[in-house]
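Coordinates as given in run_38.pdb (PDB, C-alpha atoms):
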ATOM      1  CA  MET A   1     192.751  98.817  73.536
ATOM      2  CA  THR A   2     189.800  97.548  75.548
ATOM      3  CA  ASP A   3     188.874  99.725  78.527
ATOM      4  CA  VAL A   4     186.740  98.250  81.325
ATOM      5  CA  GLU A   5     185.185 100.454  83.999
ATOM      6  CA  ALA A   6     183.184  99.054  86.921
ATOM      7  CA  TYR A   7     180.744 101.461  88.586
ATOM      8  CA  ASP A   8     177.386 101.804  90.374
ATOM      9  CA  PHE A   9     178.231  99.270  93.081
ATOM     10  CA  SER A  10     175.569  98.006  95.456
ATOM     11  CA  ASP A  11     176.128  98.964  99.098
ATOM     12  CA  GLU A  12     175.156  95.436 100.088
ATOM     13  CA  ARG A  13     178.006  92.934  99.893
ATOM     14  CA  ILE A  14     177.772  89.164  99.573
ATOM     15  CA  ASP A  15     179.983  87.228 101.998
ATOM     16  CA  LEU A  16     181.096  83.916 100.487
ATOM     17  CA  GLY A  17     183.242  82.890 103.444
ATOM     18  CA  SER A  18     187.041  82.823 103.798
ATOM     19  CA  GLY A  19     186.932  86.628 103.817
ATOM     20  CA  VAL A  20     185.760  86.789 100.181
ATOM     21  CA  THR A  21     183.139  89.496  99.573
ATOM     22  CA  LEU A  22     181.650  91.246  96.554
ATOM     23  CA  PRO A  23     178.927  93.816  95.864
ATOM     24  CA  LYS A  24     175.511  92.274  95.323
ATOM     25  CA  SER A  25     175.411  94.079  91.985
ATOM     26  CA  TRP A  26     177.418  96.458  89.824
ATOM     27  CA  ARG A  27     177.635  97.773  86.285
ATOM     28  CA  ALA A  28     180.514  97.683  83.834
ATOM     29  CA  ARG A  29     181.162  99.912  80.834
ATOM     30  CA  VAL A  30     183.451  98.682  78.061
ATOM     31  CA  SER A  31     184.865 100.528  75.072
ATOM     32  CA  GLY A  32     187.545  99.759  72.527
ATOM     33  CA  GLU A  33     186.546  96.131  72.000
ATOM     34  CA  GLN A  34     187.818  94.719  68.726
ATOM     35  CA  ASP A  35     185.072  94.415  66.090
ATOM     36  CA  VAL A  36     182.539  96.117  68.389
ATOM     37  CA  PRO A  37     181.904  99.673  67.127
ATOM     38  CA  GLY A  38     180.386 101.085  70.286
ATOM     39  CA  THR A  39     180.164 101.076  74.062
ATOM     40  CA  ILE A  40     178.977  97.977  75.910
ATOM     41  CA  THR A  41     177.160  98.245  79.227
ATOM     42  CA  VAL A  42     176.357  95.257  81.436
ATOM     43  CA  ARG A  43     174.793  94.823  84.857
ATOM     44  CA  VAL A  44     176.114  92.002  87.015
ATOM     45  CA  GLU A  45     174.283  90.554  90.012
ATOM     46  CA  TRP A  46     174.861  87.773  92.501
ATOM     47  CA  ASP A  47     172.518  84.893  91.609
ATOM     48  CA  ASP A  48     171.576  82.592  94.500
ATOM     49  CA  THR A  49     170.186  79.932  92.170
ATOM     50  CA  LEU A  50     173.357  79.728  90.088
ATOM     51  CA  GLY A  51     175.548  80.161  93.154
ATOM     52  CA  ARG A  52     177.712  82.726  91.356
ATOM     53  CA  THR A  53     177.605  86.094  89.636
ATOM     54  CA  ALA A  54     175.614  86.447  86.420
ATOM     55  CA  VAL A  55     175.004  89.048  83.720
ATOM     56  CA  VAL A  56     171.383  90.210  84.012
ATOM     57  CA  PHE A  57     171.456  93.015  81.437
ATOM     58  CA  ALA A  58     173.630  93.893  78.456
ATOM     59  CA  ALA A  59     173.411  96.708  75.920
ATOM     60  CA  LEU A  60     175.477  98.043  73.043
ATOM     61  CA  GLU A  61     175.326 101.688  71.978
ATOM     62  CA  ARG A  62     176.905 102.583  68.657
ATOM     63  CA  GLU A  63     179.820 104.996  68.685
ATOM     64  CA  ALA A  64     178.770 107.193  65.751
ATOM     65  CA  GLU A  65     176.442 107.605  62.808
ATOM     66  CA  GLY A  66     176.967 105.169  59.998
ATOM     67  CA  VAL A  67     177.159 102.181  62.340
ATOM     68  CA  ASP A  68     174.414  99.552  62.355
ATOM     69  CA  ILE A  69     174.128  97.208  65.345
ATOM     70  CA  THR A  70     173.578  93.879  63.616
ATOM     71  CA  SER A  71     173.310  90.369  65.019
ATOM     72  CA  GLN A  72     176.834  89.746  63.762
ATOM     73  CA  VAL A  73     178.132  92.692  65.801
ATOM     74  CA  LEU A  74     176.249  91.493  68.879
ATOM     75  CA  ARG A  75     177.923  88.094  68.602
ATOM     76  CA  GLU A  76     181.253  89.835  69.228
ATOM     77  CA  VAL A  77     180.111  91.109  72.648
ATOM     78  CA  ARG A  78     181.864  89.042  75.328
ATOM     79  CA  THR A  79     179.493  89.383  78.280
ATOM     80  CA  HIS A  80     181.130  86.654  80.380
ATOM     81  CA  TRP A  81     184.563  88.167  79.803
ATOM     82  CA  ILE A  82     183.259  91.586  80.853
ATOM     83  CA  MET A  83     181.671  90.140  83.992
ATOM     84  CA  THR A  84     184.849  88.368  85.084
ATOM     85  CA  ARG A  85     187.146  91.239  84.136
ATOM     86  CA  SER A  86     185.063  93.784  86.060
ATOM     87  CA  ALA A  87     184.697  91.430  89.039
ATOM     88  CA  LEU A  88     188.478  91.496  89.440
ATOM     89  CA  ASP A  89     188.084  95.202  90.264
ATOM     90  CA  VAL A  90     185.317  94.826  92.859
ATOM     91  CA  VAL A  91     185.886  91.526  94.698
ATOM     92  CA  THR A  92     188.008  91.752  97.850
ATOM     93  CA  VAL A  93     189.429  89.324 100.408
ATOM     94  CA  ASN A  94     189.945  89.968 104.112
ATOM     95  CA  VAL A  95     193.269  88.595 105.340
ATOM     96  CA  SER A  96     195.093  88.803 108.644
ATOM     97  CA  SER A  97     197.321  91.843 109.011
ATOM     98  CA  GLU A  98     201.025  91.504 109.733
ATOM     99  CA  ASP A  99     200.515  91.972 113.482
ATOM    100  CA  GLY A 100     197.670  89.444 113.417
ATOM    101  CA  ASP A 101     195.339  91.626 115.499
ATOM    102  CA  GLU A 102     193.249  92.998 112.648
ATOM    103  CA  ARG A 103     192.163  92.004 109.161
ATOM    104  CA  ASP A 104     193.012  93.884 105.990
ATOM    105  CA  ARG A 105     190.751  94.004 102.944
ATOM    106  CA  ILE A 106     192.855  93.526  99.828
ATOM    107  CA  PRO A 107     191.971  93.382  96.112
ATOM    108  CA  VAL A 108     191.350  89.897  94.798
ATOM    109  CA  ARG A 109     194.223  90.177  92.299
ATOM    110  CA  GLU A 110     196.669  90.807  95.133
ATOM    111  CA  PHE A 111     195.243  87.902  97.109
ATOM    112  CA  LEU A 112     195.618  85.462  94.212
ATOM    113  CA  SER A 113     199.171  86.638  93.554
ATOM    114  CA  ARG A 114     200.077  86.124  97.213
ATOM    115  CA  VAL A 115     198.637  82.625  97.278
ATOM    116  CA  ARG A 116     200.366  81.719  94.023
ATOM    117  CA  ALA A 117     203.729  82.964  95.313
ATOM    118  CA  HIS A 118     203.517  80.776  98.432
ATOM    119  CA  GLU A 119     205.146  77.488  97.435
ATOM    120  CA  GLU A 120     205.196  75.274 100.543
ATOM    121  CA  ARG A 121     202.133  74.502 102.643
ATOM    122  CA  GLU A 122     201.074  71.984 105.221
ATOM    123  CA  PRO A 123     198.176  69.752 104.074
ATOM    124  CA  LEU A 124     195.576  71.599 106.172
ATOM    125  CA  GLU A 125     196.888  74.957 104.986
ATOM    126  CA  SER A 126     196.600  73.782 101.378
ATOM    127  CA  LEU A 127     193.006  72.761 102.007
ATOM    128  CA  HIS A 128     192.052  76.160 103.406
ATOM    129  CA  ALA A 129     193.933  77.955 100.629
ATOM    130  CA  ALA A 130     192.041  75.890  98.052
ATOM    131  CA  ILE A 131     188.711  76.763  99.687
ATOM    132  CA  SER A 132     189.543  80.471  99.638
ATOM    133  CA  VAL A 133     190.573  80.387  95.980
ATOM    134  CA  TYR A 134     187.464  78.365  95.096
ATOM    135  CA  ARG A 135     185.305  81.072  96.672
ATOM    136  CA  VAL A 136     187.198  83.756  94.781
ATOM    137  CA  ALA A 137     186.471  81.872  91.556
ATOM    138  CA  THR A 138     182.789  81.788  92.447
ATOM    139  CA  ALA A 139     182.847  85.543  93.043
ATOM    140  CA  ILE A 140     184.477  86.337  89.692
ATOM    141  CA  SER A 141     182.536  83.638  87.792
ATOM    142  CA  TYR A 142     185.668  81.741  86.792
ATOM    143  CA  PRO A 143     185.812  77.917  86.630
ATOM    144  CA  PRO A 144     186.701  77.158  90.275
ATOM    145  CA  LEU A 145     188.729  73.971  89.892
ATOM    146  CA  LYS A 146     190.854  75.570  87.188
ATOM    147  CA  LEU A 147     191.567  78.608  89.355
ATOM    148  CA  VAL A 148     192.442  76.395  92.338
ATOM    149  CA  ALA A 149     194.801  74.320  90.191
ATOM    150  CA  ASP A 150     196.447  77.347  88.537
ATOM    151  CA  THR A 151     196.833  79.337  91.761
ATOM    152  CA  LEU A 152     198.121  76.530  93.975
ATOM    153  CA  GLN A 153     200.134  75.216  91.001
ATOM    154  CA  ILE A 154     198.748  71.705  91.282
ATOM    155  CA  SER A 155     197.047  69.389  88.816
ATOM    156  CA  GLN A 156     193.324  69.699  88.279
ATOM    157  CA  SER A 157     192.854  66.164  89.606
ATOM    158  CA  THR A 158     194.590  67.199  92.846
ATOM    159  CA  ALA A 159     192.415  70.314  92.989
ATOM    160  CA  THR A 160     189.347  68.118  92.540
ATOM    161  CA  ARG A 161     190.404  65.867  95.422
ATOM    162  CA  LEU A 162     191.048  68.872  97.676
ATOM    163  CA  MET A 163     187.650  70.382  96.968
ATOM    164  CA  SER A 164     185.879  67.034  97.380
ATOM    165  CA  ARG A 165     187.510  66.758 100.797
ATOM    166  CA  ALA A 166     186.479  70.333 101.638
ATOM    167  CA  ARG A 167     182.870  69.600 100.687
ATOM    168  CA  ASP A 168     182.657  66.215 102.399
ATOM    169  CA  SER A 169     184.183  67.562 105.617
ATOM    170  CA  GLY A 170     181.635  70.377 105.748
ATOM    171  CA  LEU A 171     184.249  73.126 105.408
ATOM    172  CA  ALA A 172     182.853  74.176 102.018
ATOM    173  CA  PRO A 173     179.452  72.532 101.477
ATOM    174  CA  GLU A 174     178.756  74.771  98.470
ATOM    175  CA  VAL A 175     181.443  73.096  96.348
ATOM    176  CA  ARG A 176     180.369  71.758  92.961
ATOM    177  CA  ILE A 177     182.912  69.452  91.382
ATOM    178  CA  GLN A 178     181.848  69.787  87.751
ATOM    179  CA  GLU A 179     183.269  72.595  85.599
ATOM    180  CA  PRO A 180     180.152  73.860  83.786
ATOM    181  CA  ARG A 181     181.766  76.485  81.569
ATOM    182  CA  ARG A 182     184.936  77.457  79.750
ATOM    183  CA  ALA A 183     187.298  79.921  81.397
ATOM    184  CA  PRO A 184     187.088  83.443  79.937
ATOM    185  CA  ALA A 185     190.272  84.793  78.355
ATOM    186  CA  VAL A 186     191.208  86.770  81.457
ATOM    187  CA  ASP A 187     194.416  86.446  83.441
ATOM    188  CA  PRO A 188     193.180  86.661  87.066
ATOM    189  CA  TYR A 189     196.692  87.580  88.217
ATOM    190  CA  ASN A 190     197.515  90.157  85.506
ATOM    191  CA  PRO A 191     194.121  91.493  84.325
ATOM    192  CA  GLY A 192     193.892  92.833  80.820
ATOM    193  CA  GLN A 193     195.932  89.982  79.360
ATOM    194  CA  PRO A 194     195.056  86.439  78.253
ATOM    195  CA  PHE A 195     196.177  83.900  80.834
ATOM    196  CA  ASP A 196     199.701  82.613  80.296
ATOM    197  CA  PRO A 197     200.795  80.139  83.018
ATOM    198  CA  ALA A 198     204.458  80.835  82.229
ATOM    199  CA  ALA A 199     204.169  84.617  82.486
ATOM    200  CA  PRO A 200     205.582  86.482  85.502
ATOM    201  CA  HIS A 201     202.868  87.554  87.916
ATOM    202  CA  ARG A 202     202.834  91.081  89.268
ATOM    203  CA  GLY A 203     201.490  92.071  92.654
ATOM    204  CA  SER A 204     202.354  91.836  96.293
ATOM    205  CA  ALA A 205     203.909  88.557  97.345
ATOM    206  CA  GLN A 206     204.592  88.653 101.054
ATOM    207  CA  PRO A 207     206.913  86.001 102.481
ATOM    208  CA  GLY A 208     204.917  83.046 103.678
ATOM    209  CA  GLY A 209     201.813  84.071 101.757
ATOM    210  CA  PRO A 210     198.552  85.320 103.237
ATOM    211  CA  SER A 211     196.918  84.126 106.404
ATOM    212  CA  ILE A 212     193.856  82.297 105.196
ATOM    213  CA  GLY A 213     190.639  82.822 107.141
ATOM    214  CA  ARG A 214     189.434  79.619 108.769
TER     215      ARG A 214
END

Show this structure as structure tokens.
Amino acid sequence: MTDVEAYDFSDERIDLGSGVTLPKSWRARVSGEQDVPGTITVRVEWDDTLGRTAVVFAALEREAEGVDITSQVLREVRTHWIMTRSALDVVTVNVSSEDGDERDRIPVREFLSRVRAHEEREPLESLHAAISVYRVATAISYPPLKLVADTLQISQSTATRLMSRARDSGLAPEVRIQEPRRAPAVDPYNPGQPFDPAAPHRGSAQPGGPSIGR
């Protein structure tokens, strides 16, 4: 079984808006990967040029004598998967507390589960929810339009229209409509499993969903 441990977090946090924050950098250690006879270490940093997180260093240390780290073995190292999987442990979202006077910082997995459980929204609420989820996707380096569509349970074309509106209105000027990369095989709602849209989603689901930061 693959074990992912995030550690060595930067004290500085990047604020993406909508209450979404993440450490400027962190490391992740991975063991138990299939067909990878050793321990993988990566360093992840926020990249201003890319506008998302990126892997800046990766290494593989063999687990025992008799193992040779070949190019074929290195091809089995899933750096993007490791980055996204570890980001789910370090990214947080600030949401309004139940009394509305303060804001609570919650794990990103809980935030996504709350948003996904909330079925009915007014148009403006849907727009702000989409912006928040888009920024979460940026933080975890997951294709943003796909995450918006999956979390709000809408089509990708509807997600594209929402994000175009958010960008054109100035609410989210950082939005990029193209999907430049394939989604890693990570379930952002139930980490550790491949994404299955039909699977039940664990996590807190408060009635009415979260209060989205404006």

(message) Env of Glu76 (chain A): 7 Å cut, atoms = all atoms listed in the file, seq-sep filter 2 positions within chain, self excluded. Answer as an MDAnalysis selection string.
(response) chainID A and resid 35:36 73:74 78

(message) To one decimal place in Å, what is the distance between CA of Val56 (chain A) and CA of Gly19 (chain A)?
(response) 25.4 Å

(request) Dump as a PyMOL selection string all residues having an atom at most 9 Å from (189.3, 100.3, 76.5), computed in the file's coordinates with all atoms listed in the file. (result) chain A and resi 1-5+30-33

(request) Go ahead and compute the interatomic distance for CA of Asp89 (chain A) and CA of Glu102 (chain A), in Å to one decimal. (result)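 Computed distance, CA of Asp89 (chain A) to CA of Glu102 (chain A), equals 23.1 Å.
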
List the residues matched by the PyMOL selection byres ((chain A and resi 52) around 8) in the displayed structure as a PDB file with C-alpha atoms, in the coordinates of the input, ordered by chain and then by residue number.
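Printed below is part_29.pdb as written:
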ATOM      1  CA  TRP A  46     174.861  87.773  92.501  1.00  0.00           C
ATOM      2  CA  ASP A  47     172.518  84.893  91.609  1.00  0.00           C
ATOM      3  CA  ASP A  48     171.576  82.592  94.500  1.00  0.00           C
ATOM      4  CA  LEU A  50     173.357  79.728  90.088  1.00  0.00           C
ATOM      5  CA  GLY A  51     175.548  80.161  93.154  1.00  0.00           C
ATOM      6  CA  THR A  53     177.605  86.094  89.636  1.00  0.00           C
ATOM      7  CA  ALA A  54     175.614  86.447  86.420  1.00  0.00           C
ATOM      8  CA  THR A 138     182.789  81.788  92.447  1.00  0.00           C
ATOM      9  CA  ALA A 139     182.847  85.543  93.043  1.00  0.00           C
ATOM     10  CA  ILE A 140     184.477  86.337  89.692  1.00  0.00           C
ATOM     11  CA  SER A 141     182.536  83.638  87.792  1.00  0.00           C
TER      12      SER A 141
END

(message) Please determine, counting only C-alpha atoms, which residue among A:Val44, A:Leu22, A:Leu171, A:Ile154 has the shortest atom-to-atom distance to Glu120 (chain A).
(response) A:Ile154

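Across the structure, CA of Gly17 (chain A) and CA of Ser155 (chain A) are spaced 24.2 Å apart.
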
(message) Considering only C-alpha atoms, can you say which of A:Arg27, A:Arg109, A:Arg75, A:Arg135 comes closest to Val55 (chain A)?
(response)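 Smallest distance to Val55 (chain A) is found for A:Arg27.
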
(request) Up to 6 Å from (198.5, 80.9, 98.8) in the file's coordinates: name the residues, counting all atoms listed in the file, as a list in words. (result)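 Residues lying no farther than 6 Å from the given point: Arg114, Val115, Arg116, His118, Ala129 and Gly209 of chain A.
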
Enumerate, as a short mmCIF file (atom, residue, chain, number, x, y, z; two decimals) with C-alpha atoms, in the frame of the given file, the residues matched when the PyMOL selection byres ((chain A and resi 92) around 7) is run on the file above.
data_model
loop_
_atom_site.label_atom_id
_atom_site.label_comp_id
_atom_site.auth_asym_id
_atom_site.auth_seq_id
_atom_site.Cartn_x
_atom_site.Cartn_y
_atom_site.Cartn_z
CA VAL A 20 185.76 86.79 100.18
CA THR A 21 183.14 89.50 99.57
CA LEU A 22 181.65 91.25 96.55
CA VAL A 90 185.32 94.83 92.86
CA VAL A 91 185.89 91.53 94.70
CA VAL A 93 189.43 89.32 100.41
CA ASN A 94 189.94 89.97 104.11
CA ARG A 105 190.75 94.00 102.94
CA ILE A 106 192.86 93.53 99.83
CA PRO A 107 191.97 93.38 96.11
CA VAL A 108 191.35 89.90 94.80
#

(message) Measuring between all atoms listed in the file, which one of A:Leu88, A:Ala6, A:Ala149, A:Ala130 shows the shortest distance to Glu110 (chain A)?
(response) A:Leu88

(request) Have a look at A:Asp187, A:Asp104, A:Glu45, A:Glu122 and name the one nearest to Met83 (chain A); count all atoms listed in the file. (result)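 Closest to Met83 (chain A) of all the choices is A:Glu45.
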
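Nearest to Ala28 (chain A) of all the residues A:Met163, A:Glu65, A:Phe57, A:Ser86 is A:Ser86, counting all atoms listed in the file.
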
(request) Give the answer as one residue: which of A:Ala159, A:Ala87, A:Ala117, A:Ile131 has the shortest atom-to-atom distance to Val186 (chain A), using all atoms listed in the file? (result)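 Of A:Ala159, A:Ala87, A:Ala117, A:Ile131, the one nearest Val186 (chain A) is A:Ala87, counting all atoms listed in the file.
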
(message) List the spatial neighbours of Trp26 (chain A) as a ChimeraX atom specification - criterion: any atom at most 6 Å away, only C-alpha atoms, same-chain residues fewer than 3 positions off excluded.
(response) /A:8-9,43-44

(request) Enumerate, as JSON, numbers by chain, the residues matched when the PyMOL selection byres ((chain A and resi 128) around 9) is run on the file above. (result) {"A": [18, 123, 124, 125, 126, 127, 129, 130, 131, 132, 133, 166, 171, 212, 213, 214]}
